[in-house]
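Structure file start-v6.txt with compact mmCIF, C-alpha atoms:
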```
# COMPACT_ATOMS: atom_id res chain seq x y z
CA MET A 1 -13.22 -6.75 9.66
CA GLU A 2 -15.28 -9.86 9.04
CA ASN A 3 -16.13 -12.65 11.47
CA GLY A 4 -14.43 -15.96 10.78
CA LEU A 5 -11.35 -18.12 11.19
CA TYR A 6 -8.14 -16.70 9.75
CA SER A 7 -5.12 -18.91 9.07
CA LEU A 8 -1.51 -17.78 9.01
CA HIS A 9 -0.22 -16.62 5.65
CA SER A 10 3.14 -15.12 6.60
CA ALA A 11 4.94 -14.05 9.77
CA PHE A 12 7.76 -11.69 10.67
CA ALA A 13 9.32 -10.42 13.88
CA SER A 14 6.81 -7.59 14.29
CA ALA A 15 3.85 -8.65 12.15
CA ALA A 16 1.84 -11.65 10.98
CA ASN A 17 -0.70 -11.86 8.15
CA PHE A 18 -3.81 -14.05 8.18
CA ILE A 19 -6.37 -15.03 5.56
CA ALA A 20 -9.87 -16.50 5.86
CA ASP A 21 -11.27 -19.06 3.42
CA ASP A 22 -13.32 -16.35 1.70
CA GLY A 23 -10.23 -14.19 1.13
CA ALA A 24 -10.78 -11.79 4.03
CA PHE A 25 -7.48 -10.51 5.38
CA LEU A 26 -6.06 -9.15 8.63
CA SER A 27 -2.66 -8.43 10.14
CA LEU A 28 -1.46 -8.53 13.72
CA VAL A 29 1.27 -5.92 14.10
CA SER A 30 3.39 -4.32 16.79
CA ALA A 31 2.48 -0.86 18.01
CA GLU A 32 5.54 0.50 16.22
CA LYS A 33 4.11 -0.59 12.87
CA GLY A 34 1.07 1.57 13.46
CA GLY A 35 -2.48 1.47 12.19
CA GLY A 36 -3.62 0.26 8.81
CA PRO A 37 -6.79 -0.81 7.02
CA PHE A 38 -6.33 -4.43 8.17
CA ASN A 39 -3.97 -3.94 11.12
CA ILE A 40 -4.64 -4.93 14.71
CA CYS A 41 -1.93 -3.47 16.93
CA LEU A 42 -0.88 -5.71 19.83
CA SER A 43 1.86 -5.36 22.43
CA GLY A 44 3.93 -8.29 23.64
CA CYS A 45 2.72 -10.68 20.95
CA ALA A 46 5.01 -13.45 19.67
CA PHE A 47 3.87 -12.89 16.09
CA ALA A 48 5.90 -15.70 14.56
CA SER A 49 4.22 -18.30 16.77
CA VAL A 50 0.56 -17.40 16.08
CA ARG A 51 -1.15 -19.84 13.72
CA PHE A 52 -4.84 -18.89 13.85
CA VAL A 53 -6.96 -15.86 14.63
CA GLU A 54 -10.71 -16.06 15.20
CA VAL A 55 -12.88 -12.98 14.87
CA HIS A 56 -16.23 -12.93 16.64
CA LEU A 57 -16.95 -9.22 16.87
CA PRO A 58 -16.34 -7.58 19.24
CA ARG A 59 -14.03 -10.41 20.35
CA LEU A 60 -10.74 -11.55 18.91
CA ILE A 61 -9.22 -14.95 19.74
CA VAL A 62 -5.48 -15.27 19.08
CA ASP A 63 -4.39 -18.91 19.42
CA GLY A 64 -6.98 -19.41 22.15
CA LEU A 65 -6.34 -16.12 23.97
CA GLU A 66 -9.49 -14.01 23.94
CA LEU A 67 -9.28 -10.23 23.55
CA GLU A 68 -11.93 -7.54 23.41
CA LEU A 69 -11.44 -5.41 20.32
CA ASP A 70 -12.76 -2.45 22.27
CA SER A 71 -9.49 -2.59 24.22
CA VAL A 72 -7.42 -2.35 21.04
CA PRO A 73 -6.76 1.23 19.83
CA ALA A 74 -9.01 2.03 16.88
CA TYR A 75 -7.61 3.48 13.67
CA ASP A 76 -9.54 5.31 10.96
CA SER A 77 -7.76 4.48 7.70
CA SER A 78 -9.94 6.65 5.41
CA VAL A 79 -8.29 9.47 3.47
CA ALA A 80 -11.64 11.14 2.78
CA ALA A 81 -10.77 14.09 5.04
CA PHE A 82 -7.88 15.02 2.72
CA ARG A 83 -9.95 15.38 -0.44
CA HIS A 84 -11.09 18.93 0.40
CA PRO A 85 -9.15 21.11 0.07
CA ARG A 86 -7.64 18.95 -2.62
CA ILE A 87 -3.94 18.05 -2.59
CA GLY A 88 -2.92 19.92 -5.71
CA SER A 89 -0.01 20.16 -8.12
CA GLY A 90 1.99 22.40 -5.80
CA GLU A 91 1.87 19.93 -2.94
CA LEU A 92 2.65 17.02 -5.28
CA ALA A 93 5.67 18.90 -6.63
CA VAL A 94 6.97 19.30 -3.07
CA LEU A 95 6.46 15.58 -2.47
CA GLU A 96 8.06 14.51 -5.75
CA LYS A 97 11.17 16.63 -5.19
CA ALA A 98 11.73 15.21 -1.70
CA TYR A 99 10.82 11.70 -2.83
CA LEU A 100 13.37 11.61 -5.66
CA LYS A 101 16.10 12.60 -3.22
CA SER A 102 15.30 9.76 -0.83
CA ALA A 103 13.60 6.87 -2.66
CA THR A 104 15.24 3.45 -2.63
CA SER A 105 17.51 2.92 -5.64
CA LEU A 106 15.63 -0.16 -6.93
CA SER A 107 12.18 1.29 -6.35
CA MET A 108 9.87 2.43 -9.13
CA ALA A 109 11.09 6.02 -8.78
CA PHE A 110 12.54 5.56 -12.28
CA VAL A 111 9.09 6.15 -13.78
CA LEU A 112 9.44 9.75 -12.53
CA ASP A 113 13.17 10.15 -13.19
CA SER A 114 14.68 8.05 -15.99
CA SER A 115 18.23 8.67 -14.75
CA ARG A 116 17.47 6.18 -11.99
CA LEU A 117 17.44 3.38 -14.55
CA ARG A 118 21.23 3.24 -14.11
CA HIS A 119 20.63 1.25 -10.92
CA PHE A 120 18.95 -1.57 -12.89
CA ILE A 121 21.78 -3.77 -14.12
CA SER A 122 20.84 -7.46 -14.18
CA GLY A 123 18.64 -9.02 -16.82
CA PHE A 124 15.79 -9.40 -14.34
CA GLU A 125 16.09 -5.79 -13.21
CA ARG A 126 16.10 -4.44 -16.75
CA GLY A 127 13.20 -6.67 -17.74
CA PHE A 128 11.21 -5.43 -14.75
CA ALA A 129 11.96 -1.80 -15.57
CA GLU A 130 10.94 -2.26 -19.21
CA ARG A 131 7.67 -3.94 -18.25
CA ALA A 132 6.92 -1.28 -15.64
CA LEU A 133 7.53 1.52 -18.15
CA ASN A 134 5.22 -0.23 -20.64
CA GLY A 135 2.53 -0.38 -17.96
CA CYS A 136 2.96 3.30 -17.19
CA ALA A 137 2.77 4.14 -20.90
CA SER A 138 -0.55 2.28 -21.07
CA PHE A 139 -1.81 4.25 -18.06
CA SER A 140 -0.80 7.54 -19.70
CA ALA A 141 -2.62 6.41 -22.86
CA ARG A 142 -5.71 5.80 -20.66
CA ASP A 143 -5.69 2.07 -21.25
CA TYR A 144 -6.06 1.49 -17.53
CA ALA A 145 -6.96 -2.19 -17.78
CA LEU A 146 -3.83 -3.01 -19.79
CA ALA A 147 -1.76 -0.91 -17.40
CA ALA A 148 -3.02 -2.90 -14.43
CA ARG A 149 -2.41 -6.25 -16.14
CA THR A 150 1.10 -5.22 -17.19
CA LEU A 151 2.14 -3.90 -13.78
CA ASN A 152 0.53 -6.63 -11.71
CA GLY A 153 3.07 -8.99 -10.13
CA THR A 154 6.13 -7.39 -11.67
CA GLY A 155 9.24 -6.44 -9.75
CA PHE A 156 10.82 -7.14 -6.40
CA GLY A 157 9.69 -7.95 -2.91
CA PHE A 158 7.23 -9.83 -0.77
CA THR A 159 4.60 -7.58 -2.31
CA PRO A 160 5.87 -7.03 -5.87
CA SER A 161 6.79 -3.51 -6.90
CA GLY A 162 4.07 -3.33 -9.54
CA ASP A 163 1.39 -4.30 -7.03
CA ASP A 164 2.47 -1.55 -4.63
CA PHE A 165 2.58 0.91 -7.52
CA ILE A 166 -0.99 0.00 -8.48
CA ALA A 167 -2.06 0.59 -4.86
CA GLY A 168 -0.57 4.08 -5.14
CA LEU A 169 -2.42 4.70 -8.40
CA LEU A 170 -5.68 3.58 -6.80
CA LEU A 171 -5.17 5.78 -3.76
CA ALA A 172 -4.46 8.77 -6.01
CA THR A 173 -7.78 8.31 -7.83
CA HIS A 174 -9.53 9.51 -4.67
CA PHE A 175 -7.96 12.94 -5.24
CA SER A 176 -9.00 13.26 -8.89
CA SER A 177 -12.33 14.40 -10.30
CA ALA A 178 -12.18 11.60 -12.90
CA GLY A 179 -10.83 9.08 -10.42
CA ALA A 180 -13.94 6.99 -9.93
CA GLN A 181 -13.96 5.72 -13.52
CA VAL A 182 -10.22 4.95 -13.48
CA ARG A 183 -10.60 3.17 -10.17
CA GLU A 184 -13.46 1.04 -11.44
CA ILE A 185 -11.49 -0.10 -14.50
CA ILE A 186 -8.38 -1.00 -12.50
CA ALA A 187 -10.37 -2.72 -9.75
CA ALA A 188 -12.08 -4.92 -12.35
CA GLU A 189 -8.65 -6.43 -13.11
CA LYS A 190 -8.42 -7.61 -9.46
CA PRO A 191 -4.89 -6.26 -8.93
CA GLY A 192 -2.51 -7.80 -6.42
CA SER A 193 -0.56 -10.95 -7.24
CA ASN A 194 -0.70 -12.40 -3.72
CA PRO A 195 -3.19 -12.09 -0.83
CA VAL A 196 -1.20 -9.38 0.96
CA SER A 197 -0.84 -7.05 -2.02
CA ALA A 198 -4.40 -7.83 -3.17
CA ALA A 199 -5.64 -6.66 0.25
CA ALA A 200 -3.54 -3.49 -0.06
CA CYS A 201 -5.03 -2.77 -3.48
CA ARG A 202 -8.57 -3.31 -2.16
CA ALA A 203 -7.85 -0.92 0.70
CA ALA A 204 -6.48 1.74 -1.64
CA CYS A 205 -9.46 1.27 -3.93
CA GLY A 206 -11.68 1.96 -0.93
CA GLY A 207 -9.76 5.12 -0.07
CA CYS A 208 -7.90 3.67 2.90
CA ALA A 209 -4.22 3.96 3.81
CA SER A 210 -1.78 2.97 6.51
CA ALA A 211 -0.94 5.43 9.29
CA PRO A 212 2.41 6.58 7.79
CA VAL A 213 0.84 7.25 4.38
CA LYS A 214 -2.11 9.05 5.92
CA GLN A 215 0.21 11.19 8.05
CA LEU A 216 2.21 12.16 4.96
CA LEU A 217 -0.98 13.22 3.17
CA ARG A 218 -1.98 15.26 6.22
CA GLU A 219 1.40 17.03 6.20
CA LEU A 220 1.03 17.80 2.50
CA GLN A 221 -2.47 19.18 2.82
CA VAL A 222 -2.13 21.16 6.02
CA CYS A 223 1.51 22.28 5.94
CA GLY A 224 2.56 21.82 2.33
CA THR A 225 5.53 19.76 3.51
CA SER A 226 6.72 16.17 3.10
CA ARG A 227 7.85 15.65 6.70
CA GLY A 228 6.17 12.24 6.88
CA LEU A 229 8.05 10.91 3.85
CA ALA A 230 10.79 9.06 5.73
CA GLU A 231 8.29 6.89 7.61
CA VAL A 232 6.55 5.83 4.40
CA LEU A 233 9.86 4.93 2.78
CA LYS A 234 10.55 2.57 5.69
CA ILE A 235 7.60 0.37 4.66
CA GLY A 236 9.03 -2.87 3.31
CA SER A 237 12.15 -2.98 1.18
CA THR A 238 10.70 -0.83 -1.60
CA SER A 239 6.94 -1.04 -0.88
CA GLY A 240 6.52 2.47 0.51
CA ALA A 241 8.61 3.96 -2.28
CA ASP A 242 6.72 2.01 -4.95
CA LEU A 243 3.33 3.07 -3.58
CA LEU A 244 4.39 6.72 -3.58
CA ALA A 245 5.73 6.39 -7.13
CA GLY A 246 2.25 5.29 -8.20
CA PHE A 247 0.56 8.05 -6.21
CA ILE A 248 2.77 10.77 -7.71
CA PHE A 249 2.69 9.31 -11.24
CA ALA A 250 -1.11 9.24 -11.34
```

Take the structure from the file and write it as structure tokens.
Amino acid sequence: MENGLYSLHSAFASAANFIADDGAFLSLVSAEKGGGPFNICLSGCAFASVRFVEVHLPRLIVDGLELELDSVPAYDSSVAAFRHPRIGSGELAVLEKAYLKSATSLSMAFVLDSSRLRHFISGFERGFAERALNGCASFSARDYALAARTLNGTGFGFTPSGDDFIAGLLLATHFSSAGAQVREIIAAEKPGSNPVSAAACRAACGGCASAPVKQLLRELQVCGTSRGLAEVLKIGSTSGADLLAGFIFA
């Protein structure tokens, strides 16, 4: 987290997002939302009414109210601990099977199971699906830059489906021996079509994930199960499902 003045970008009942002039990003979230690379968990905060956040480490000033960050529960967002032993094809198969049973109908699960394209009916939906499949084809052909450009900004949601999918791809590169080169090429395209999804892509590029995603990876590695899947699928309308589609696809 960088020192500076952060202005409100977007607010919801249990979270608010803030951006500094230099593009630095942070989120104030309820404890129920859990930790994340940019999250600061606060209890009893009227998120929708906060307009500015000042960071002067180790202090945080929320609309004039000063807090010591030492009093805020710390969260380690790194997935480095899950690289060895590596999450392999067996664990991914377990995840994919459970995922395809539960993923949101209009998520990017169709890149893993083409029968799900039946849910895409309107012209916009079909156009999105076609563009997403083209982006995935470019990724499979190892044209990672074109894949990122094609997927970026496409789809539904506050953070577009393609942006979340790219974040999943980037996170997956940390579990691949050839991942560093792929990650570098995608990162050079500066993925993320708005400040929130751009921050998520930067976090994934750095090997960082939200608490629900990290818990799911822990379950896969340690137990070989997907017990944390439901919590990830609760992220956004399709955001969690789109991120996992990218992670599994990669």

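For the pair CA of Glu96 in chain A and CA of Leu169 in chain A, the separation is 14.6 Å.
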
Got a sec: who's within 8 Å of range 106-119 of chain A, counting all atoms listed in the file, leaving out chain neighbours fewer than 6 positions off, as a compact mmCIF listing (two decimals) with C-alpha atoms, in the frame of the given file?
```
# COMPACT_ATOMS: atom_id res chain seq x y z
CA LEU A 100 13.37 11.61 -5.66
CA ALA A 129 11.96 -1.80 -15.57
CA ALA A 132 6.92 -1.28 -15.64
CA LEU A 133 7.53 1.52 -18.15
CA CYS A 136 2.96 3.30 -17.19
CA SER A 161 6.79 -3.51 -6.90
CA PHE A 165 2.58 0.91 -7.52
CA THR A 238 10.70 -0.83 -1.60
CA SER A 239 6.94 -1.04 -0.88
CA ALA A 241 8.61 3.96 -2.28
CA ASP A 242 6.72 2.01 -4.95
CA ALA A 245 5.73 6.39 -7.13
CA PHE A 249 2.69 9.31 -11.24
```

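Distances to Leu42 in chain A were evaluated for A:Ser237, A:Thr104, A:Ser27, A:Asn194 using only C-alpha atoms, and the minimum falls at A:Ser27.
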
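Between CA of Gly228 in chain A and CA of Lys214 in chain A there is a distance of 8.9 Å.
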
At a cut-off of 10 Å around the point (7.1, -2.8, 1.4) (file coordinates), what residues fall inside when counting all atoms listed in the file? I'd like the answer as a compact mmCIF listing (two decimals) with C-alpha atoms, in the frame of the given file.
```txt
# COMPACT_ATOMS: atom_id res chain seq x y z
CA PHE A 156 10.82 -7.14 -6.40
CA GLY A 157 9.69 -7.95 -2.91
CA PHE A 158 7.23 -9.83 -0.77
CA THR A 159 4.60 -7.58 -2.31
CA PRO A 160 5.87 -7.03 -5.87
CA SER A 161 6.79 -3.51 -6.90
CA ASP A 164 2.47 -1.55 -4.63
CA SER A 197 -0.84 -7.05 -2.02
CA VAL A 232 6.55 5.83 4.40
CA LEU A 233 9.86 4.93 2.78
CA LYS A 234 10.55 2.57 5.69
CA ILE A 235 7.60 0.37 4.66
CA GLY A 236 9.03 -2.87 3.31
CA SER A 237 12.15 -2.98 1.18
CA THR A 238 10.70 -0.83 -1.60
CA SER A 239 6.94 -1.04 -0.88
CA GLY A 240 6.52 2.47 0.51
CA ALA A 241 8.61 3.96 -2.28
CA ASP A 242 6.72 2.01 -4.95
CA LEU A 243 3.33 3.07 -3.58
```

Using the incomplete input, complete range 35-54 of chain A to the level of N, CA and C atoms; output as a JSON list (two decimals), keeping the file's coordinate frame.
```
[["chain", "number", "residue", "atom", "x", "y", "z"],
["A", 35, "GLY", "N", -1.18, 1.88, 12.72],
["A", 35, "GLY", "CA", -2.48, 1.47, 12.19],
["A", 35, "GLY", "C", -2.46, 1.26, 10.69],
["A", 36, "GLY", "N", -3.44, 0.51, 10.23],
["A", 36, "GLY", "CA", -3.62, 0.26, 8.81],
["A", 36, "GLY", "C", -5.00, -0.28, 8.57],
["A", 37, "PRO", "N", -5.43, -0.35, 7.32],
["A", 37, "PRO", "CA", -6.79, -0.81, 7.02],
["A", 37, "PRO", "C", -7.12, -2.19, 7.57],
["A", 38, "PHE", "N", -6.10, -3.06, 7.69],
["A", 38, "PHE", "CA", -6.33, -4.43, 8.17],
["A", 38, "PHE", "C", -5.52, -4.74, 9.43],
["A", 39, "ASN", "N", -4.88, -3.72, 9.99],
["A", 39, "ASN", "CA", -3.97, -3.94, 11.12],
["A", 39, "ASN", "C", -4.68, -3.98, 12.46],
["A", 40, "ILE", "N", -4.26, -4.91, 13.30],
["A", 40, "ILE", "CA", -4.64, -4.93, 14.71],
["A", 40, "ILE", "C", -3.34, -4.83, 15.49],
["A", 41, "CYS", "N", -3.17, -3.72, 16.21],
["A", 41, "CYS", "CA", -1.93, -3.47, 16.93],
["A", 41, "CYS", "C", -1.97, -4.16, 18.30],
["A", 42, "LEU", "N", -0.97, -4.98, 18.56],
["A", 42, "LEU", "CA", -0.88, -5.71, 19.83],
["A", 42, "LEU", "C", 0.52, -5.53, 20.42],
["A", 43, "SER", "N", 0.58, -5.44, 21.74],
["A", 43, "SER", "CA", 1.86, -5.36, 22.43],
["A", 43, "SER", "C", 2.20, -6.71, 23.04],
["A", 44, "GLY", "N", 3.47, -7.06, 23.01],
["A", 44, "GLY", "CA", 3.93, -8.29, 23.64],
["A", 44, "GLY", "C", 3.49, -9.57, 22.97],
["A", 45, "CYS", "N", 3.18, -9.49, 21.69],
["A", 45, "CYS", "CA", 2.72, -10.68, 20.95],
["A", 45, "CYS", "C", 3.91, -11.36, 20.26],
["A", 46, "ALA", "N", 3.99, -12.68, 20.40],
["A", 46, "ALA", "CA", 5.01, -13.45, 19.67],
["A", 46, "ALA", "C", 4.45, -13.76, 18.28],
["A", 47, "PHE", "N", 4.56, -12.81, 17.38],
["A", 47, "PHE", "CA", 3.87, -12.89, 16.09],
["A", 47, "PHE", "C", 4.22, -14.15, 15.32],
["A", 48, "ALA", "N", 5.47, -14.56, 15.36],
["A", 48, "ALA", "CA", 5.90, -15.70, 14.56],
["A", 48, "ALA", "C", 5.30, -17.02, 15.03],
["A", 49, "SER", "N", 4.74, -17.04, 16.24],
["A", 49, "SER", "CA", 4.22, -18.30, 16.77],
["A", 49, "SER", "C", 2.70, -18.43, 16.63],
["A", 50, "VAL", "N", 2.02, -17.37, 16.21],
["A", 50, "VAL", "CA", 0.56, -17.40, 16.08],
["A", 50, "VAL", "C", 0.18, -18.13, 14.80],
["A", 51, "ARG", "N", -0.74, -19.07, 14.89],
["A", 51, "ARG", "CA", -1.15, -19.84, 13.72],
["A", 51, "ARG", "C", -2.57, -19.53, 13.26],
["A", 52, "PHE", "N", -3.44, -19.16, 14.20],
["A", 52, "PHE", "CA", -4.84, -18.89, 13.85],
["A", 52, "PHE", "C", -5.34, -17.68, 14.62],
["A", 53, "VAL", "N", -6.24, -16.95, 13.98],
["A", 53, "VAL", "CA", -6.96, -15.86, 14.63],
["A", 53, "VAL", "C", -8.44, -16.05, 14.33],
["A", 54, "GLU", "N", -9.26, -16.00, 15.37],
["A", 54, "GLU", "CA", -10.71, -16.06, 15.20],
["A", 54, "GLU", "C", -11.30, -14.70, 15.51]]
```
